[in-house]
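J.: Handing you this structure, nothing more for now.
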Amino acid sequence: MRDIKWLANRLKSMNVPEVAWRVQQKAVQKQEYKKYYLLDKPVTDIPLSEEVKSLALDVSRLAINWDNQHTTVFDGLVLLGNYKYNDYKICWNAGFQTDNMWDENEFSYLISTNQREDIGDIRTNWELNRHFQFACVSKNYYLTGDDKYLDEFRDLFVSWNDHNHFLHGVEWTSAMEVAIRVNSWIYAYAFLKKSFEKYQNQDESILNKLSHGILAMAVYIKSHRAKFSSANNHLIVEMYALGLTGIVFSYQPWINYSIKALTEELPKQNYADGVNKEMSLHYQTFVMEAYGLLWLSMEKNKIKVPSVWKDYLSKMSEFVADSCGEYSEVIIFGDNDEGKILDLSGKKINYYHYVLQIMGDILGGQYTSFKRQETIDWVSMEKTGGMYTSSDIRVYEKGGMVFLRSKDRKVLIAMDCGDLGFASIAAHGHADALSIQVYYEGNPVLVDSGTYNYHVPKKYRDEMRSTKAHNTVYVEDIEQAEMLGPFLWGRRYNVNTIKCTNKEGKVTVQCKINYKGVEHTRIVAFDRNRELEIIDSIRTKLPDIKPSQIWNINAVDDPVNDNNAFVFQREKIRITSTNAIIYDGYCSYEYNNLEKKKILKIDFDDQIHTHINLL
């Protein structure tokens with residue numbers, strides 16, 4: 001019954017051309033069942049057209065710095081949720097959250113992966129199957145010449161292909177996942193090819209298998225690219241992989257197709273001021289990584305980069321830099337699943353700084369002063385340029401974001417005054433309108449609840465993106481937006497223009513939203529030192545509503561009650577209130593991990609003034 005209701009809601013979010021396209025895709029799937037699924041072969045053995053089969057991969061066309069001295073030896077992949085890599089090394093179809101496995105023989109298009117509590121979170125599984133380890137183990141062989149790494153690569157490669165035949169199982173249910181895998185295979189091929197030249201190894205069979213598989217997957221991506229309401233960050237990554245494959249195989253049709261699509265999508269998916277319309281900082285950097293990596297290979301091969309790329313990526317880089325603080329902290333709104341496209345170390349990194357380093361290299365400036373990551377040094381040489389410095393007050397009117405910094409730069413505040421998310425489904429947005437986050441000396445104080453997990457258990461998906469999971473006003477039993485599925489929203493709030501003033505050393509931000517008969521106005525006044533005043537007003541004709549301010553605090557211990565105020569000593573925050581209810585909750589700073597927090601719920605009638613001091 002729940003699946004039928006979701007399908008009905010999903011159909012409502014589609015226009016007629018999208019419905020027609022999806023019907024056409026079903027016809028393609030039926031053809032592929034007969035042509036490929038019944039063949040029951042790995043992707044390395046899938047038939048290719050004569051034109052595609054004749055293409056040859058030229059490593060010299062890949063943007064890679066073979067003289068890189070900033071290197072490490074890969075010793076294991078960091079899996080989501082801190083699952084141990086050695087325990088899952090070849091468990092390609094593991095459920096992770098359960099002991100059950102995804103069926104590796106079922107026709108991929110018949111598998112439902114959403115919220116499968118009987119098996120596990122598919123995003124956790126897909127991290128292993130993006131094959132960052134393939135590129136990293138190949139890199140080890142290039143760096144050391146030790147045959148054990150070549151043997152390890154062969155074992156991984158053979159095992160994966162044996163257990164994941166083309167269009168069998170969950171590894172073929174998402175074209176974007178295939179795209180990220182293509183990228184990993186291309187870099188694995190490059191390291192192996194250079195290693196064979198370096199150590200005079202003449203075995204080309206593994207390279208032929210890799211090359212064939214890359215081409216077959218690129219054909220698949222072209223046939224199954226995201227369109228219509230699903231054409232968000234998925235489409236960008238798919239087109240990146242198709243473009244990169246076209247470059248390294250010198251195949252102009254794929255290059256042209258990719259660049260055209262990516263150029264058209266920039267203004268569709270991003271506001272002119274640099275904010276991505278998905279309203280998720282993580283997914284903004286995800287697509288920026290795709291553009292940046294392709295730019296580097298285009299530049300290497302003297303392929304003209306459209307001027308609009310620089311226009312948008314410059315603004316987008318400023319927005320990401322403004323989201324980062326002086327202590328390496330990053331303020332993140334919306335979904336965050338820690339996805340990335342290229343990983344040549346296997347280690348946990350600050351992804352936002354890594355993407356800003358790519359942007360600095362392609363745009364000729366610097367957006368972060370933190371240490372360069374190994375992966376960026378493999379694909380680019382550091383370029384000198386002026387350092388972008390975030391201003392103390394920055395308002396993104398079109399994107400709906402406001403950043404405030406104290407005069408000594410120890411306090412970083414962000415306020416979300418933006419829309420729910422991109423297009424009709426707003427897949428990665430949260431009901432967080434007018435919410436604020438506060439960091440003090442690099443530590444999270446007033447926090448966003450985060451994402452935790454997309455699928456398992458089901459209840460957390462809705463809880464973590466609900467209104468009361470954010471530092472805003474929650475009206476009992478009335479969400480700012482209507483959740484219809486794990487990546488589907490229905491009715492949503494409307495947001496008004498941001499008003500920002502800076503007078504006599506105090507900056508004031510005001511914004512208003514309307515939803516389901518409720519009008520909520522928030523005023524945030526910041527003395528640019530350590531004091532915040534929040535004024536929330538509710539107007540409605542609805543009877544008997546019960547509004548509450550919600551404050552999510554990065555704390556484990558209960559506060560001290562001090563003269564009508566709640567003081568969290570370790571977190572250095574004081575919230576003045578006489579009638580707050582304090583209870584325990586959870587937040588997620590990393591995908592698949594939950595941490596405890598404290599929640600202050602302050603009930604009010606029409607208006608409330610709350611003072612917050614950082615100690």
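Quick note on naming: the chains in the structure tokens go A, B, ... in the order shown, residues restart at 1 in each chain, and ligands are numbered from 1 in order of appearance.
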Using only C-alpha atoms, determine which residues lie at most 7 Å from Glu374 in chain A, disregarding the query and same-chain residues fewer than 3 positions distant; provide the list as an MDAnalysis selection string.

T.: chainID A and resid 70:71 345 377:378

J.: Using N, CA, C and O atoms, can you export the residues from the last selection as a PDB file, in the first residue's frame?

T.:
```
ATOM      1  N   HIS A  70      53.569  13.973  -3.362  1.00  0.00           N
ATOM      2  CA  HIS A  70      52.695  13.932  -2.187  1.00  0.00           C
ATOM      3  C   HIS A  70      51.874  12.651  -2.255  1.00  0.00           C
ATOM      4  O   HIS A  70      50.712  12.639  -2.687  1.00  0.00           O
ATOM      5  N   THR A  71      52.505  11.535  -1.873  1.00  0.00           N
ATOM      6  CA  THR A  71      51.866  10.228  -2.062  1.00  0.00           C
ATOM      7  C   THR A  71      51.838   9.425  -0.763  1.00  0.00           C
ATOM      8  O   THR A  71      52.654   9.624   0.135  1.00  0.00           O
ATOM      9  N   SER A 345      43.487   8.146  -2.352  1.00  0.00           N
ATOM     10  CA  SER A 345      44.177   7.880  -1.093  1.00  0.00           C
ATOM     11  C   SER A 345      43.444   6.857  -0.232  1.00  0.00           C
ATOM     12  O   SER A 345      44.059   6.105   0.505  1.00  0.00           O
ATOM     13  N   ASP A 377      46.761  16.640  -5.769  1.00  0.00           N
ATOM     14  CA  ASP A 377      48.120  16.706  -6.292  1.00  0.00           C
ATOM     15  C   ASP A 377      48.375  15.668  -7.381  1.00  0.00           C
ATOM     16  O   ASP A 377      49.335  15.792  -8.144  1.00  0.00           O
ATOM     17  N   TRP A 378      47.556  14.638  -7.455  1.00  0.00           N
ATOM     18  CA  TRP A 378      47.675  13.669  -8.548  1.00  0.00           C
ATOM     19  C   TRP A 378      47.086  14.221  -9.846  1.00  0.00           C
ATOM     20  O   TRP A 378      47.539  13.848 -10.941  1.00  0.00           O
TER      21      TRP A 378
END
```

J.: If DSSP is run on the backbone, what residues of range 188-429 of chain A are helix (DSSP H, G or I)? A reply as a PyMOL selection string would be ideal.

T.: chain A and resi 188-198+205-223+228-230+233-248+252-269+281-300+307-322+351-363+374-379

J.: Name the residues in contact with Arg522 in chain A at a cut-off of 6 Å, using only C-alpha atoms, excluding same-chain residues fewer than 4 positions from it; report them as a list in words.

T.: Gln510, Cys511, Ile535 and Asp536 of chain A

J.: Can you tell me how far CA of Ile550 in chain A sits from CA of Glu117 in chain A, in Å to one decimal?

T.: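 Between CA of Ile550 in chain A and CA of Glu117 in chain A the gap is 29.9 Å.
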
J.: Kindly give the distance, in Å, that separates CA of Gly517 in chain A and CA of Gln480 in chain A, rounded to a single decimal.

T.: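 Separation of CA of Gly517 in chain A and CA of Gln480 in chain A: 10.4 Å.
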